[in-house]
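Participant: This is data.cif (mmCIF, C-alpha atoms).
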data_final
#
loop_
_atom_site.group_PDB
_atom_site.id
_atom_site.type_symbol
_atom_site.label_atom_id
_atom_site.label_comp_id
_atom_site.auth_asym_id
_atom_site.auth_seq_id
_atom_site.Cartn_x
_atom_site.Cartn_y
_atom_site.Cartn_z
ATOM 1 C CA GLU A 1 81.416 97.220 104.835
ATOM 2 C CA GLU A 2 78.144 98.622 103.598
ATOM 3 C CA ALA A 3 77.154 99.677 107.116
ATOM 4 C CA ALA A 4 80.404 101.605 107.578
ATOM 5 C CA ASP A 5 79.931 103.433 104.272
ATOM 6 C CA LYS A 6 76.337 104.216 105.214
ATOM 7 C CA MET A 7 77.444 105.485 108.632
ATOM 8 C CA VAL A 8 80.075 107.791 107.113
ATOM 9 C CA SER A 9 77.687 109.210 104.533
ATOM 10 C CA GLN A 10 74.995 109.725 107.204
ATOM 11 C CA PHE A 11 77.446 111.548 109.458
ATOM 12 C CA LYS A 12 78.481 113.824 106.595
ATOM 13 C CA ALA A 13 74.844 114.616 105.817
ATOM 14 C CA THR A 14 74.117 115.303 109.491
ATOM 15 C CA GLN A 15 77.158 117.550 109.809
ATOM 16 C CA ALA A 16 76.123 119.478 106.684
ATOM 17 C CA ALA A 17 72.621 119.995 108.121
ATOM 18 C CA ILE A 18 74.076 121.232 111.408
ATOM 19 C CA ASP A 19 76.348 123.666 109.565
ATOM 20 C CA VAL A 20 73.401 125.037 107.574
ATOM 21 C CA ALA A 21 71.338 125.419 110.753
ATOM 22 C CA LYS A 22 74.181 127.244 112.525
ATOM 23 C CA ARG A 23 74.562 129.703 109.649
ATOM 24 C CA LEU A 24 70.808 130.252 109.628
ATOM 25 C CA LEU A 25 70.787 130.940 113.377
ATOM 26 C CA GLN A 26 73.658 133.416 113.021
ATOM 27 C CA ALA A 27 71.842 135.230 110.221
ATOM 28 C CA ARG A 28 68.610 135.405 112.243
ATOM 29 C CA GLN A 29 70.486 136.736 115.292
ATOM 30 C CA LYS A 30 71.687 139.661 113.198
ATOM 31 C CA ASP A 31 68.154 140.262 111.924
ATOM 32 C CA ALA A 32 66.615 140.147 115.420
ATOM 33 C CA ALA A 33 69.063 142.564 116.993
ATOM 34 C CA GLY A 34 66.389 144.811 118.547
ATOM 35 C CA ASN A 35 63.686 142.255 119.354
ATOM 36 C CA ALA A 36 64.160 140.685 122.797
ATOM 37 C CA ALA A 37 61.575 137.920 122.299
ATOM 38 C CA GLN A 38 63.177 136.765 119.073
ATOM 39 C CA LEU A 39 66.640 136.943 120.634
ATOM 40 C CA GLU A 40 65.442 134.737 123.502
ATOM 41 C CA THR A 41 63.972 132.214 121.065
ATOM 42 C CA LEU A 42 67.182 132.243 119.037
ATOM 43 C CA LYS A 43 69.205 131.765 122.228
ATOM 44 C CA ASP A 44 67.135 128.670 123.089
ATOM 45 C CA LEU A 45 67.553 127.362 119.553
ATOM 46 C CA SER A 46 71.277 127.984 119.787
ATOM 47 C CA LYS A 47 71.451 125.955 123.015
ATOM 48 C CA ARG A 48 69.568 123.099 121.351
ATOM 49 C CA MET A 49 71.932 123.302 118.363
ATOM 50 C CA THR A 50 74.941 123.127 120.668
ATOM 51 C CA ALA A 51 73.472 120.090 122.433
ATOM 52 C CA ALA A 52 72.773 118.411 119.091
ATOM 53 C CA SER A 53 76.300 119.165 117.881
ATOM 54 C CA SER A 54 77.828 117.690 121.027
ATOM 55 C CA ALA A 55 75.664 114.571 120.675
ATOM 56 C CA VAL A 56 76.757 114.168 117.066
ATOM 57 C CA PHE A 57 80.374 114.654 118.114
ATOM 58 C CA LYS A 58 79.985 111.997 120.814
ATOM 59 C CA HIS A 59 78.525 109.540 118.312
ATOM 60 C CA LYS A 60 81.168 110.463 115.762
ATOM 61 C CA LYS A 61 83.850 109.575 118.279
ATOM 62 C CA ILE A 62 82.322 106.132 118.772
ATOM 63 C CA ALA A 63 81.717 105.689 115.049
ATOM 64 C CA SER A 64 85.252 106.722 114.145
ATOM 65 C CA THR A 65 86.556 103.746 116.123
ATOM 66 C CA HIS A 66 84.390 101.412 114.080
ATOM 67 C CA GLU A 67 85.311 103.216 110.885
ATOM 68 C CA ALA A 68 89.017 102.837 111.677
ATOM 69 C CA LYS A 69 88.524 99.103 112.257
ATOM 70 C CA TYR A 70 86.642 98.829 108.968
ATOM 71 C CA LEU A 71 89.360 100.705 107.081
ATOM 72 C CA ALA A 72 92.041 98.554 108.690
ATOM 73 C CA LYS A 73 90.230 95.366 107.674
ATOM 74 C CA LYS A 74 89.792 96.715 104.165
ATOM 75 C CA ALA A 75 93.509 97.581 103.938
ATOM 76 C CA ILE A 76 94.453 94.116 105.194
ATOM 77 C CA ALA A 77 92.199 92.492 102.598
ATOM 78 C CA GLU A 78 93.781 94.580 99.835
ATOM 79 C CA ALA A 79 97.270 93.742 101.105
ATOM 80 C CA ASP A 80 96.400 90.031 101.175
ATOM 81 C CA GLU A 81 95.188 90.249 97.599
ATOM 82 C CA ILE A 82 98.370 91.995 96.484
ATOM 83 C CA LEU A 83 100.474 89.517 98.420
ATOM 84 C CA ALA A 84 98.735 86.601 96.709
ATOM 85 C CA GLY A 85 99.620 88.134 93.338
ATOM 86 C CA ILE A 86 103.212 88.622 94.413
ATOM 87 C CA GLU A 87 103.458 85.032 95.626
ATOM 88 C CA GLU A 88 102.220 83.852 92.225
ATOM 89 C CA GLU A 89 104.886 85.951 90.505
ATOM 90 C CA VAL A 90 107.556 84.534 92.817
ATOM 91 C CA LYS A 91 106.451 81.000 91.891
ATOM 92 C CA LYS A 92 106.707 81.854 88.190
ATOM 93 C CA ALA A 93 110.157 83.386 88.680
ATOM 94 C CA SER A 94 111.277 80.328 90.679
ATOM 95 C CA VAL A 95 110.203 78.009 87.866
ATOM 96 C CA VAL A 96 112.063 80.108 85.296
ATOM 97 C CA ALA A 97 115.180 80.411 87.463
ATOM 98 C CA ALA A 98 115.230 76.758 88.561
ATOM 99 C CA PRO A 99 117.829 75.649 85.976
ATOM 100 C CA LEU A 100 120.252 78.293 87.226
ATOM 101 C CA VAL A 101 119.533 78.016 90.930
ATOM 102 C CA GLU A 102 118.988 74.312 91.497
ATOM 103 C CA GLU A 103 121.422 72.902 88.940
ATOM 104 C CA GLY A 104 124.094 75.510 89.511
ATOM 105 C CA GLY A 105 123.570 76.840 86.000
ATOM 106 C CA GLU A 106 125.079 73.698 84.492
ATOM 107 C CA ARG A 107 122.770 73.692 81.455
ATOM 108 C CA PHE A 108 123.382 77.381 80.931
ATOM 109 C CA LEU A 109 127.153 76.957 81.148
ATOM 110 C CA VAL A 110 127.104 73.985 78.775
ATOM 111 C CA ALA A 111 124.974 75.888 76.278
ATOM 112 C CA ALA A 112 127.227 78.943 76.506
ATOM 113 C CA SER A 113 130.320 76.780 76.062
ATOM 114 C CA ALA A 114 128.753 75.062 73.055
ATOM 115 C CA ARG A 115 127.949 78.442 71.472
ATOM 116 C CA THR A 116 131.468 79.654 72.117
ATOM 117 C CA LEU A 117 132.953 76.494 70.661
ATOM 118 C CA ALA A 118 130.693 76.684 67.610
ATOM 119 C CA GLN A 119 131.628 80.322 67.059
ATOM 120 C CA ALA A 120 135.311 79.473 67.396
ATOM 121 C CA TRP A 121 134.905 76.695 64.810
ATOM 122 C CA ARG A 122 133.105 79.076 62.431
ATOM 123 C CA ASP A 123 135.851 81.651 62.842
ATOM 124 C CA HIS A 124 138.500 78.975 62.309
ATOM 125 C CA MET A 125 136.726 77.681 59.181
ATOM 126 C CA LYS A 126 136.434 81.205 57.758
ATOM 127 C CA ALA A 127 140.122 81.759 58.331
ATOM 128 C CA LYS A 128 141.040 78.662 56.263
#
Once you've parsed the file, please lay out its structure as structure tokens.

Facilitator:
Amino acid sequence: EEAADKMVSQFKATQAAIDVAKRLLQARQKDAAGNAAQLETLKDLSKRMTAASSAVFKHKKIASTHEAKYLAKKAIAEADEILAGIEEEVKKASVVAAPLVEEGGERFLVAASARTLAQAWRDHMKAK
């Protein structure tokens, strides 16, 4: 986990350095427009920069595979954690719903009937 984060941050830093170097080379090429010796040196530096960029790209390709595996493992771990929480909630709901589900709601129906009967008796007593 830590190694993958370190690898990603290192790649970003390397890519930023390459981008800065490329901009610097482009600026120096404009400055050295009339000087053949400087242009030759800049051309060599540009070739080296291209080689370095391709090497970084090659390593990035390999690293991206490992990064994808790391991210997949991380997502699976998060999903497992969420699933564990959901399973706990399902257990709680099952305990609460047990009287209705397992007993066919018999206690609920009896209680509702008793309330209805009591209300009917109250209404009947008020009427008299």

Participant: What is the CA of Leu25 in chain A to CA of Lys6 in chain A distance in Å?

Facilitator: 28.5 Å

Participant: Kindly give the distance, in Å, that separates CA of Glu87 in chain A and CA of Glu103 in chain A, rounded to a single decimal.

Facilitator: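 Answer for the CA of Glu87 in chain A to CA of Glu103 in chain A separation: 22.7 Å.
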
Participant: At what distance in Å, to one decimal, does CA of Ala79 in chain A lie from CA of Glu2 in chain A?

Facilitator: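 So the answer is 19.9 Å.
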
Participant: I'd like the neighbourhood of Ser54 in chain A as number ranges by chain, where a residue qualifies if any of its atoms comes within 12 Å (using all atoms listed in the file), though same-chain residues fewer than 6 positions away should be ignored.

Facilitator: A: 15, 18, 47-48, 60-61
